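A.B. asks: What follows is run.pdb, PDB, C-alpha atoms and all ligand atoms.
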ATOM      1  CA  MET A   1      75.144-121.557 -45.946
ATOM      2  CA  THR A   2      75.404-120.782 -42.227
ATOM      3  CA  LEU A   3      76.653-117.412 -41.043
ATOM      4  CA  LEU A   4      79.201-117.712 -38.225
ATOM      5  CA  ASP A   5      77.808-115.062 -35.893
ATOM      6  CA  GLY A   6      80.846-113.675 -34.110
ATOM      7  CA  LYS A   7      78.914-110.946 -32.351
ATOM      8  CA  LYS A   8      76.463-113.402 -30.783
ATOM      9  CA  THR A   9      79.242-115.875 -29.881
ATOM     10  CA  SER A  10      81.343-113.078 -28.368
ATOM     11  CA  GLU A  11      78.399-111.907 -26.268
ATOM     12  CA  ALA A  12      77.781-115.460 -25.030
ATOM     13  CA  ILE A  13      81.441-115.834 -23.984
ATOM     14  CA  GLN A  14      81.453-112.425 -22.294
ATOM     15  CA  GLN A  15      78.290-113.357 -20.418
ATOM     16  CA  GLU A  16      79.972-116.543 -19.152
ATOM     17  CA  ILE A  17      82.935-114.454 -17.995
ATOM     18  CA  ALA A  18      80.671-111.845 -16.364
ATOM     19  CA  ALA A  19      78.925-114.603 -14.384
ATOM     20  CA  GLU A  20      82.296-115.832 -13.138
ATOM     21  CA  VAL A  21      83.356-112.300 -12.192
ATOM     22  CA  ALA A  22      80.137-111.914 -10.195
ATOM     23  CA  GLU A  23      81.010-115.121  -8.306
ATOM     24  CA  ILE A  24      84.551-113.909  -7.666
ATOM     25  CA  LYS A  25      83.177-110.629  -6.299
ATOM     26  CA  ALA A  26      80.608-112.421  -4.121
ATOM     27  CA  SER A  27      83.313-114.590  -2.559
ATOM     28  CA  GLY A  28      85.670-111.643  -2.023
ATOM     29  CA  GLY A  29      88.229-112.743  -4.604
ATOM     30  CA  LYS A  30      90.472-110.607  -6.796
ATOM     31  CA  VAL A  31      88.501-108.804  -9.507
ATOM     32  CA  PRO A  32      90.374-109.214 -12.830
ATOM     33  CA  HIS A  33      92.076-106.021 -13.987
ATOM     34  CA  LEU A  34      93.355-105.368 -17.522
ATOM     35  CA  ALA A  35      95.649-102.495 -18.446
ATOM     36  CA  ALA A  36      96.244-101.301 -22.011
ATOM     37  CA  ILE A  37      99.019 -99.090 -23.333
ATOM     38  CA  LEU A  38      98.131 -97.070 -26.412
ATOM     39  CA  VAL A  39     100.818 -95.098 -28.248
ATOM     40  CA  GLY A  40      99.689 -92.416 -30.683
ATOM     41  CA  ASN A  41      96.312 -91.626 -32.223
ATOM     42  CA  ASP A  42      95.915 -94.103 -35.093
ATOM     43  CA  GLY A  43      92.138 -94.280 -35.685
ATOM     44  CA  GLY A  44      91.991 -98.073 -35.831
ATOM     45  CA  SER A  45      94.083 -98.529 -32.700
ATOM     46  CA  VAL A  46      92.015 -96.004 -30.711
ATOM     47  CA  THR A  47      88.822 -97.876 -31.688
ATOM     48  CA  TYR A  48      90.278-101.275 -30.832
ATOM     49  CA  VAL A  49      91.536-100.158 -27.405
ATOM     50  CA  ASN A  50      88.175 -98.530 -26.696
ATOM     51  CA  ASN A  51      86.458-101.825 -27.591
ATOM     52  CA  LYS A  52      88.674-103.577 -25.037
ATOM     53  CA  VAL A  53      88.112-101.051 -22.223
ATOM     54  CA  LEU A  54      84.337-101.075 -22.856
ATOM     55  CA  ALA A  55      84.305-104.881 -22.727
ATOM     56  CA  CYS A  56      86.070-104.744 -19.338
ATOM     57  CA  GLU A  57      83.447-102.371 -17.992
ATOM     58  CA  ARG A  58      80.560-104.474 -19.287
ATOM     59  CA  ILE A  59      81.780-107.721 -17.722
ATOM     60  CA  GLY A  60      82.915-106.208 -14.447
ATOM     61  CA  PHE A  61      86.697-106.157 -14.850
ATOM     62  CA  GLY A  62      88.810-103.281 -13.665
ATOM     63  CA  SER A  63      90.622-101.499 -16.495
ATOM     64  CA  THR A  64      93.363 -98.927 -16.924
ATOM     65  CA  LEU A  65      94.123 -97.145 -20.183
ATOM     66  CA  ILE A  66      97.575 -95.585 -20.455
ATOM     67  CA  ARG A  67      98.037 -93.244 -23.416
ATOM     68  CA  TYR A  68     101.217 -91.730 -24.848
ATOM     69  CA  GLU A  69     102.048 -89.417 -27.734
ATOM     70  CA  ASP A  70     103.682 -91.204 -30.660
ATOM     71  CA  THR A  71     106.894 -89.347 -29.757
ATOM     72  CA  ILE A  72     107.392 -91.412 -26.574
ATOM     73  CA  SER A  73     110.843 -93.002 -26.361
ATOM     74  CA  GLU A  74     111.337 -96.755 -26.281
ATOM     75  CA  GLU A  75     113.048 -96.321 -22.920
ATOM     76  CA  GLU A  76     110.041 -94.594 -21.339
ATOM     77  CA  LEU A  77     107.706 -97.271 -22.677
ATOM     78  CA  LEU A  78     109.935-100.016 -21.244
ATOM     79  CA  ILE A  79     109.901 -98.300 -17.833
ATOM     80  CA  LYS A  80     106.069 -98.305 -17.820
ATOM     81  CA  ILE A  81     106.019-101.994 -18.771
ATOM     82  CA  LYS A  82     108.349-102.865 -15.889
ATOM     83  CA  GLU A  83     106.073-100.916 -13.556
ATOM     84  CA  LEU A  84     102.999-102.843 -14.756
ATOM     85  CA  ASN A  85     104.911-106.133 -14.397
ATOM     86  CA  LEU A  86     105.404-105.312 -10.681
ATOM     87  CA  ASN A  87     101.932-103.871  -9.994
ATOM     88  CA  ASP A  88      99.938-106.579  -8.184
ATOM     89  CA  GLU A  89      96.631-104.849  -8.957
ATOM     90  CA  ILE A  90      97.168-105.470 -12.716
ATOM     91  CA  ASP A  91      96.530-109.101 -13.689
ATOM     92  CA  GLY A  92      97.272-108.661 -17.363
ATOM     93  CA  PHE A  93      98.178-105.951 -19.826
ATOM     94  CA  ILE A  94      98.580-105.341 -23.520
ATOM     95  CA  VAL A  95     100.570-102.960 -25.672
ATOM     96  CA  GLN A  96      98.314-102.018 -28.585
ATOM     97  CA  LEU A  97     100.016-102.658 -31.936
ATOM     98  CA  PRO A  98     101.277-101.325 -34.247
ATOM     99  CA  LEU A  99     103.899 -99.177 -32.480
ATOM    100  CA  PRO A 100     105.656 -96.178 -34.109
ATOM    101  CA  LYS A 101     108.663 -97.094 -36.287
ATOM    102  CA  HIS A 102     111.271 -95.755 -33.860
ATOM    103  CA  ILE A 103     110.221 -98.337 -31.256
ATOM    104  CA  ASP A 104     111.471-101.937 -31.447
ATOM    105  CA  THR A 105     108.261-103.987 -31.110
ATOM    106  CA  GLU A 106     110.093-107.269 -30.372
ATOM    107  CA  LYS A 107     111.965-105.632 -27.501
ATOM    108  CA  VAL A 108     108.747-104.186 -26.073
ATOM    109  CA  LEU A 109     106.854-107.501 -26.268
ATOM    110  CA  GLU A 110     109.772-109.316 -24.595
ATOM    111  CA  ALA A 111     109.657-106.858 -21.687
ATOM    112  CA  VAL A 112     106.136-107.972 -20.701
ATOM    113  CA  ASP A 113     106.033-110.521 -17.868
ATOM    114  CA  PRO A 114     104.862-113.735 -19.634
ATOM    115  CA  GLN A 115     102.423-114.296 -16.733
ATOM    116  CA  LYS A 116     100.716-110.968 -17.539
ATOM    117  CA  ASP A 117     101.043-111.343 -21.315
ATOM    118  CA  VAL A 118      97.319-111.730 -22.069
ATOM    119  CA  ASP A 119      97.913-111.016 -25.787
ATOM    120  CA  GLY A 120     100.151-114.109 -25.925
ATOM    121  CA  PHE A 121     102.821-112.268 -27.922
ATOM    122  CA  HIS A 122     105.842-112.906 -25.644
ATOM    123  CA  PRO A 123     108.235-115.522 -27.145
ATOM    124  CA  ILE A 124     107.754-117.628 -23.986
ATOM    125  CA  ASN A 125     104.023-117.875 -24.632
ATOM    126  CA  VAL A 126     104.602-118.438 -28.366
ATOM    127  CA  GLY A 127     107.045-121.241 -27.565
ATOM    128  CA  ARG A 128     104.725-122.806 -25.003
ATOM    129  CA  MET A 129     101.876-122.709 -27.520
ATOM    130  CA  VAL A 130     104.027-124.440 -30.152
ATOM    131  CA  ALA A 131     105.134-127.056 -27.600
ATOM    132  CA  GLY A 132     101.528-127.677 -26.528
ATOM    133  CA  LEU A 133     102.125-126.393 -22.975
ATOM    134  CA  PRO A 134      99.618-124.203 -21.100
ATOM    135  CA  ALA A 135     100.013-120.691 -22.542
ATOM    136  CA  TYR A 136      98.137-117.508 -23.272
ATOM    137  CA  LEU A 137      96.942-117.979 -26.862
ATOM    138  CA  PRO A 138      96.775-114.904 -29.082
ATOM    139  CA  ALA A 139      93.187-113.676 -29.005
ATOM    140  CA  THR A 140      92.334-113.815 -32.717
ATOM    141  CA  PRO A 141      93.449-117.435 -33.309
ATOM    142  CA  ALA A 142      91.789-118.418 -30.007
ATOM    143  CA  GLY A 143      88.597-116.707 -31.185
ATOM    144  CA  ILE A 144      88.626-118.593 -34.492
ATOM    145  CA  LEU A 145      89.002-121.896 -32.573
ATOM    146  CA  GLN A 146      85.990-120.887 -30.443
ATOM    147  CA  LEU A 147      83.880-120.258 -33.551
ATOM    148  CA  LEU A 148      84.833-123.631 -35.070
ATOM    149  CA  GLU A 149      84.063-125.362 -31.760
ATOM    150  CA  ARG A 150      80.777-123.638 -30.935
ATOM    151  CA  TYR A 151      79.441-124.306 -34.447
ATOM    152  CA  GLN A 152      80.759-127.904 -34.201
ATOM    153  CA  ILE A 153      82.663-127.648 -37.465
ATOM    154  CA  GLU A 154      84.603-130.810 -38.355
ATOM    155  CA  THR A 155      88.336-130.095 -38.686
ATOM    156  CA  ARG A 156      90.040-133.512 -38.368
ATOM    157  CA  GLY A 157      91.694-134.535 -41.626
ATOM    158  CA  LYS A 158      90.424-131.445 -43.415
ATOM    159  CA  HIS A 159      92.664-129.317 -45.607
ATOM    160  CA  CYS A 160      92.995-125.918 -43.942
ATOM    161  CA  VAL A 161      94.578-123.177 -46.037
ATOM    162  CA  VAL A 162      95.774-120.208 -43.978
ATOM    163  CA  ILE A 163      96.634-117.054 -45.943
ATOM    164  CA  GLY A 164      98.984-114.602 -44.239
ATOM    165  CA  ARG A 165     101.908-115.437 -41.942
ATOM    166  CA  SER A 166     101.788-112.686 -39.310
ATOM    167  CA  ASN A 167     102.978-113.462 -35.773
ATOM    168  CA  ILE A 168      99.542-112.384 -34.536
ATOM    169  CA  VAL A 169      97.194-114.443 -36.710
ATOM    170  CA  GLY A 170      98.452-116.522 -39.656
ATOM    171  CA  SER A 171     101.489-118.154 -38.095
ATOM    172  CA  PRO A 172      99.862-119.206 -34.767
ATOM    173  CA  MET A 173      96.642-120.210 -36.587
ATOM    174  CA  SER A 174      98.560-122.585 -38.863
ATOM    175  CA  ILE A 175     100.260-124.175 -35.841
ATOM    176  CA  LEU A 176      97.037-124.553 -33.831
ATOM    177  CA  MET A 177      95.111-126.094 -36.754
ATOM    178  CA  SER A 178      97.868-128.680 -37.243
ATOM    179  CA  LYS A 179      97.788-129.852 -33.577
ATOM    180  CA  CYS A 180      96.279-133.181 -32.569
ATOM    181  CA  ALA A 181      93.272-131.549 -30.896
ATOM    182  CA  TYR A 182      89.782-130.328 -31.592
ATOM    183  CA  PRO A 183      89.545-127.897 -33.273
ATOM    184  CA  GLY A 184      92.683-128.924 -35.162
ATOM    185  CA  ASP A 185      94.091-132.146 -36.562
ATOM    186  CA  ALA A 186      93.856-130.615 -40.039
ATOM    187  CA  THR A 187      96.337-130.775 -42.895
ATOM    188  CA  VAL A 188      97.580-127.208 -43.057
ATOM    189  CA  THR A 189      98.957-125.114 -45.904
ATOM    190  CA  LEU A 190     100.319-121.668 -45.041
ATOM    191  CA  CYS A 191     100.198-119.274 -47.995
ATOM    192  CA  HIS A 192     101.774-115.811 -48.117
ATOM    193  CA  ARG A 193     102.790-112.982 -50.437
ATOM    194  CA  ASN A 194     105.324-115.165 -52.272
ATOM    195  CA  THR A 195     103.014-118.126 -52.782
ATOM    196  CA  VAL A 196     102.949-119.002 -56.473
ATOM    197  CA  ASP A 197      99.351-119.514 -57.677
ATOM    198  CA  LEU A 198      97.306-118.852 -54.494
ATOM    199  CA  PRO A 199      94.029-120.013 -56.157
ATOM    200  CA  HIS A 200      95.620-123.448 -56.724
ATOM    201  CA  TYR A 201      95.767-123.880 -52.923
ATOM    202  CA  THR A 202      92.521-122.202 -51.913
ATOM    203  CA  ARG A 203      90.537-124.345 -54.407
ATOM    204  CA  GLN A 204      91.752-127.461 -52.549
ATOM    205  CA  ALA A 205      90.750-126.037 -49.175
ATOM    206  CA  ASP A 206      87.993-127.392 -46.947
ATOM    207  CA  ILE A 207      88.698-124.493 -44.566
ATOM    208  CA  ILE A 208      90.094-121.113 -45.690
ATOM    209  CA  ILE A 209      91.408-118.670 -43.078
ATOM    210  CA  ALA A 210      92.246-115.347 -44.735
ATOM    211  CA  ALA A 211      94.347-112.957 -42.630
ATOM    212  CA  VAL A 212      95.974-110.565 -45.059
ATOM    213  CA  GLY A 213      94.252-107.171 -44.985
ATOM    214  CA  LYS A 214      93.478-106.950 -48.730
ATOM    215  CA  PRO A 215      89.770-106.389 -49.451
ATOM    216  CA  GLY A 216      88.488-108.624 -52.245
ATOM    217  CA  LEU A 217      91.516-110.960 -52.217
ATOM    218  CA  ILE A 218      89.354-114.112 -52.036
ATOM    219  CA  THR A 219      86.974-114.326 -54.985
ATOM    220  CA  ALA A 220      84.292-116.949 -55.736
ATOM    221  CA  ASP A 221      86.428-118.814 -58.298
ATOM    222  CA  MET A 222      89.029-119.479 -55.543
ATOM    223  CA  VAL A 223      86.605-121.311 -53.246
ATOM    224  CA  LYS A 224      85.456-124.937 -53.381
ATOM    225  CA  GLU A 225      81.732-125.673 -53.056
ATOM    226  CA  GLY A 226      80.914-126.352 -49.371
ATOM    227  CA  ALA A 227      84.085-124.766 -47.949
ATOM    228  CA  VAL A 228      84.283-123.086 -44.528
ATOM    229  CA  VAL A 229      85.564-119.516 -44.942
ATOM    230  CA  ILE A 230      86.967-117.516 -42.022
ATOM    231  CA  ASP A 231      87.653-113.859 -42.890
ATOM    232  CA  VAL A 232      90.089-112.149 -40.517
ATOM    233  CA  GLY A 233      90.546-109.007 -42.609
ATOM    234  CA  THR A 234      89.493-105.681 -41.028
ATOM    235  CA  THR A 235      90.553-102.999 -43.496
ATOM    236  CA  ARG A 236      89.034 -99.532 -43.047
ATOM    237  CA  VAL A 237      87.681 -98.130 -46.287
ATOM    238  CA  PRO A 238      86.019 -94.712 -46.683
ATOM    239  CA  ASP A 239      82.194 -94.779 -46.603
ATOM    240  CA  ALA A 240      80.335 -91.464 -46.672
ATOM    241  CA  THR A 241      77.082 -93.138 -45.533
ATOM    242  CA  LYS A 242      78.625 -94.062 -42.157
ATOM    243  CA  LYS A 243      78.778 -91.734 -39.138
ATOM    244  CA  SER A 244      82.433 -92.636 -38.649
ATOM    245  CA  GLY A 245      83.163 -91.997 -42.351
ATOM    246  CA  TYR A 246      84.464 -95.528 -42.937
ATOM    247  CA  LYS A 247      83.442 -99.168 -42.969
ATOM    248  CA  LEU A 248      85.310-102.419 -42.313
ATOM    249  CA  LYS A 249      86.091-104.707 -45.243
ATOM    250  CA  GLY A 250      87.287-108.286 -44.987
ATOM    251  CA  ASP A 251      89.639-110.136 -47.342
ATOM    252  CA  VAL A 252      86.749-112.090 -48.844
ATOM    253  CA  ASP A 253      84.341-110.935 -51.570
ATOM    254  CA  PHE A 254      81.474-111.914 -49.260
ATOM    255  CA  ASP A 255      78.503-111.519 -51.638
ATOM    256  CA  ALA A 256      80.062-113.713 -54.327
ATOM    257  CA  VAL A 257      81.707-116.270 -52.010
ATOM    258  CA  ALA A 258      78.970-116.820 -49.379
ATOM    259  CA  PRO A 259      76.603-118.836 -51.648
ATOM    260  CA  LYS A 260      79.349-121.461 -52.158
ATOM    261  CA  CYS A 261      80.140-121.898 -48.445
ATOM    262  CA  SER A 262      78.905-124.279 -45.776
ATOM    263  CA  PHE A 263      79.945-121.677 -43.162
ATOM    264  CA  ILE A 264      81.310-118.144 -43.516
ATOM    265  CA  THR A 265      82.141-115.243 -41.182
ATOM    266  CA  PRO A 266      80.847-111.754 -42.005
ATOM    267  CA  VAL A 267      82.894-108.564 -41.622
ATOM    268  CA  PRO A 268      82.089-106.786 -39.394
ATOM    269  CA  GLY A 269      80.582-109.079 -36.771
ATOM    270  CA  GLY A 270      82.678-112.188 -37.463
ATOM    271  CA  VAL A 271      86.130-112.826 -36.032
ATOM    272  CA  GLY A 272      86.631-109.264 -34.685
ATOM    273  CA  PRO A 273      84.242-109.497 -31.722
ATOM    274  CA  LEU A 274      85.744-112.886 -30.755
ATOM    275  CA  THR A 275      89.169-111.239 -30.501
ATOM    276  CA  ILE A 276      87.795-108.995 -27.775
ATOM    277  CA  ALA A 277      86.058-111.889 -25.963
ATOM    278  CA  MET A 278      89.215-114.023 -25.923
ATOM    279  CA  LEU A 279      91.331-111.154 -24.566
ATOM    280  CA  MET A 280      88.834-110.967 -21.693
ATOM    281  CA  LYS A 281      89.073-114.749 -21.254
ATOM    282  CA  ASN A 282      92.888-114.523 -21.050
ATOM    283  CA  THR A 283      92.596-111.738 -18.470
ATOM    284  CA  LEU A 284      90.277-113.887 -16.357
ATOM    285  CA  ARG A 285      92.762-116.766 -16.591
ATOM    286  CA  ALA A 286      95.549-114.385 -15.520
ATOM    287  CA  ALA A 287      93.574-113.226 -12.468
ATOM    288  CA  LYS A 288      92.996-116.876 -11.533
ATOM    289  CA  SER A 289      96.682-117.773 -12.217
ATOM    290  CA  GLU A 290      95.388-120.590 -14.413
ATOM    291  CA  VAL A 291      98.150-120.679 -17.029
ATOM    292  CA  TYR A 292     101.202-120.382 -14.784
ATOM    293  CA  ALA A 293      99.791-122.200 -11.778
TER     294      ALA A 293
HETATM  295  C1  LIG A 301      83.772-106.333 -35.776
HETATM  296  C2  LIG A 301      93.328-105.329 -35.262
HETATM  297  C3  LIG A 301      94.542-105.107 -37.333
HETATM  298  C4  LIG A 301      95.632-104.553 -36.645
HETATM  299  C5  LIG A 301      95.584-104.401 -35.265
HETATM  300  C6  LIG A 301      84.980-106.039 -33.619
HETATM  301  C7  LIG A 301      87.332-105.518 -33.557
HETATM  302  C8  LIG A 301      87.333-105.471 -34.939
HETATM  303  C9  LIG A 301      86.178-105.735 -35.661
HETATM  304  C10 LIG A 301      88.557-105.274 -32.754
HETATM  305  C11 LIG A 301      92.139-105.682 -34.480
HETATM  306  C12 LIG A 301      90.926-106.251 -35.158
HETATM  307  C13 LIG A 301      92.133-105.442 -33.113
HETATM  308  C14 LIG A 301      85.005-106.008 -35.004
HETATM  309  C15 LIG A 301      90.933-105.716 -32.250
HETATM  310  C16 LIG A 301      89.958-106.842 -34.158
HETATM  311  O1  LIG A 301      82.664-106.069 -35.295
HETATM  312  O2  LIG A 301      83.894-106.917 -36.868
HETATM  313  C17 LIG A 301      86.136-105.808 -32.889
HETATM  314  O3  LIG A 301      88.499-104.510 -31.826
HETATM  315  N1  LIG A 301      89.756-105.926 -33.038
HETATM  316  C18 LIG A 301      93.307-104.918 -32.496
HETATM  317  O4  LIG A 301      93.348-104.707 -31.288
HETATM  318  O5  LIG A 301      94.376-104.620 -33.235
HETATM  319  C19 LIG A 301      94.428-104.776 -34.589
HETATM  320  C20 LIG A 301      93.406-105.474 -36.648
END
Take the structure in this file and express it as structure tokens.
C.D. replies:
Amino acid sequence: MTLLDGKKTSEAIQQEIAAEVAEIKASGGKVPHLAAILVGNDGGSVTYVNNKVLACERIGFGSTLIRYEDTISEEELLIKIKELNLNDEIDGFIVQLPLPKHIDTEKVLEAVDPQKDVDGFHPINVGRMVAGLPAYLPATPAGILQLLERYQIETRGKHCVVIGRSNIVGSPMSILMSKCAYPGDATVTLCHRNTVDLPHYTRQADIIIAAVGKPGLITADMVKEGAVVIDVGTTRVPDATKKSGYKLKGDVDFDAVAPKCSFITPVPGGVGPLTIAMLMKNTLRAAKSEVYA
């Protein structure tokens, strides 16, 4: 069993980006700048945005954090987005999800200039991804592809079972794994809450990608000997032994499943850190106008 070390891989990618930023600075080019909008005080969201701002600082990007109370109107949020779209200093920006219920998330994501949409959530970028055109890929699926690639995991002709159909992870992951590319070229099954007999599918899987948010969902009896298991779950559960008072739990019963795997991601330290690295990568591409050349 090989542990897919997301922390180490993320640090390697961020070091590559930092080296490129240093070159850009030396030659007097535009230093990449990421802005993030955070609405409200949800503990998870605050942590995630902080992770992103800290990553910017470490690799030499400029960063701007814009915070609002969760009472902000949709209209006010849309005005800020239009302002960021027009601000030439900002190469890319994100709106941290989830948003409060009174705000229409689809409308907000559609307001972001696709050229600055470094989360890859705008329908234009989603459509370009599906069509195989240059696009900003959502950071978590892009991070999973990086892990598969850097550990040279065979994907062609394999049966990849994706669990969860979110716009952010499961849906794009299923599309990317089905593409004629490496990593990709797999036979893909997308399972979700209405799948009848989930274990029937996971037991056939050479590669399992679990993106549900239910700790313990994937048990040892659901996994074939030698499978590759990618755990995207990051559920906060109370833990009195931790300073923060909580710990992160994946969707996979790691202790029971790991012995059966050829490769497996831990939580924390698996896919999560790659999500941050790939957001930085997208921001670098935005600053270099690589996607919409
Ligand atoms: C780690 C996210 C659900 C909903 C909205 C490192 C992150 C997480 C874990 C992180 C996530 C999850 C992010 C670890 C960003 C991943 O060490 O295991 C980093 O910051 N993430 C997000 O921005 O929004 C979410 C999960």
A.B. asks: Residues at most 9 Å from ligand LIG 301 (chain A), using only C-alpha atoms and all ligand atoms? Could they come as a PyMOL selection string?
C.D. replies: chain A and resi 6-7+44-52+96-98+139-140+168+213+232-235+248-250+266-276
A.B. asks: What would the list of residues within 12 Å of (93.1, -100.6, -17.6) (file frame) look like as a VMD selection string, if only C-alpha atoms are what count?
C.D. replies: chain A and resid 32 to 38 49 to 50 52 to 57 61 to 67 84 89 to 95 280 283
A.B. asks: Which is closer to A:Asp185 than all the others in A:Glu154, A:Glu83, A:Asp231, A:Glu11, using all atoms listed in the file?
C.D. replies: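 Looking only at the distances to A:Asp185, the closest residue turns out to be A:Glu154.
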A.B. asks: Here is a test: counting only C-alpha atoms, which residue of A:Pro238, A:Pro172, A:Gly157, A:Gly127 is nearest to A:Pro114?
C.D. replies: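 Ranking A:Pro238, A:Pro172, A:Gly157, A:Gly127 by distance to A:Pro114, first place goes to A:Gly127.
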A.B. asks: To one decimal place, how far is atom CA of A:Leu109 from atom CA of A:Val169 in Å?
C.D. replies: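 Separation between atom CA of A:Leu109 and atom CA of A:Val169: 15.8 Å.
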A.B. asks: Work out how far apart atom CA of A:Ile175 and atom CA of A:Val130 are and give it in Å to one decimal.
C.D. replies: 6.8 Å
A.B. asks: Using all atoms of stretch 156-173 of chain A listed in the file and a margin of 4 Å per side, can you give the axis-aligned box centre and edge lengths in Å to one decimal, as AutoDock Vina command-line options?
C.D. replies:
--center_x 96.5 --center_y -123.5 --center_z -40.3 --size_x 20.9 --size_y 30.2 --size_z 19.5
A.B. asks: Which residues match the PyMOL selection byres (((chain A and resi 129) around 12) and not hetatm) in the file above, as a list in words?
C.D. replies: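 Taken on the displayed file, the PyMOL selection byres (((chain A and resi 129) around 12) and not hetatm) yields the residues Gly120, Phe121, His122, Pro123, Ile124, Asn125, Val126, Gly127, Arg128, Val130, Ala131, Gly132, Leu133, Pro134, Ala135, Tyr136, Leu137, Pro138, Pro141, Ala142, Ser171, Pro172, Met173, Ser174, Ile175, Leu176, Met177, Lys179 and Val291 of chain A.
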A.B. asks: Could you write those residues out with C-alpha atoms, as a compact mmCIF listing (two decimals), in the coordinates of the input?
C.D. replies:
# COMPACT_ATOMS: atom_id res chain seq x y z
CA GLY A 120 100.15 -114.11 -25.92
CA PHE A 121 102.82 -112.27 -27.92
CA HIS A 122 105.84 -112.91 -25.64
CA PRO A 123 108.24 -115.52 -27.14
CA ILE A 124 107.75 -117.63 -23.99
CA ASN A 125 104.02 -117.88 -24.63
CA VAL A 126 104.60 -118.44 -28.37
CA GLY A 127 107.04 -121.24 -27.56
CA ARG A 128 104.72 -122.81 -25.00
CA VAL A 130 104.03 -124.44 -30.15
CA ALA A 131 105.13 -127.06 -27.60
CA GLY A 132 101.53 -127.68 -26.53
CA LEU A 133 102.12 -126.39 -22.98
CA PRO A 134 99.62 -124.20 -21.10
CA ALA A 135 100.01 -120.69 -22.54
CA TYR A 136 98.14 -117.51 -23.27
CA LEU A 137 96.94 -117.98 -26.86
CA PRO A 138 96.78 -114.90 -29.08
CA PRO A 141 93.45 -117.44 -33.31
CA ALA A 142 91.79 -118.42 -30.01
CA SER A 171 101.49 -118.15 -38.10
CA PRO A 172 99.86 -119.21 -34.77
CA MET A 173 96.64 -120.21 -36.59
CA SER A 174 98.56 -122.58 -38.86
CA ILE A 175 100.26 -124.18 -35.84
CA LEU A 176 97.04 -124.55 -33.83
CA MET A 177 95.11 -126.09 -36.75
CA LYS A 179 97.79 -129.85 -33.58
CA VAL A 291 98.15 -120.68 -17.03
A.B. asks: Nearest to A:Gln15 among A:Ala277, A:Ile81, A:Leu148, A:Ile208, with distances taken over only C-alpha atoms: which residue is it?
C.D. replies: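 Under the stated criterion, the closest residue is A:Ala277.
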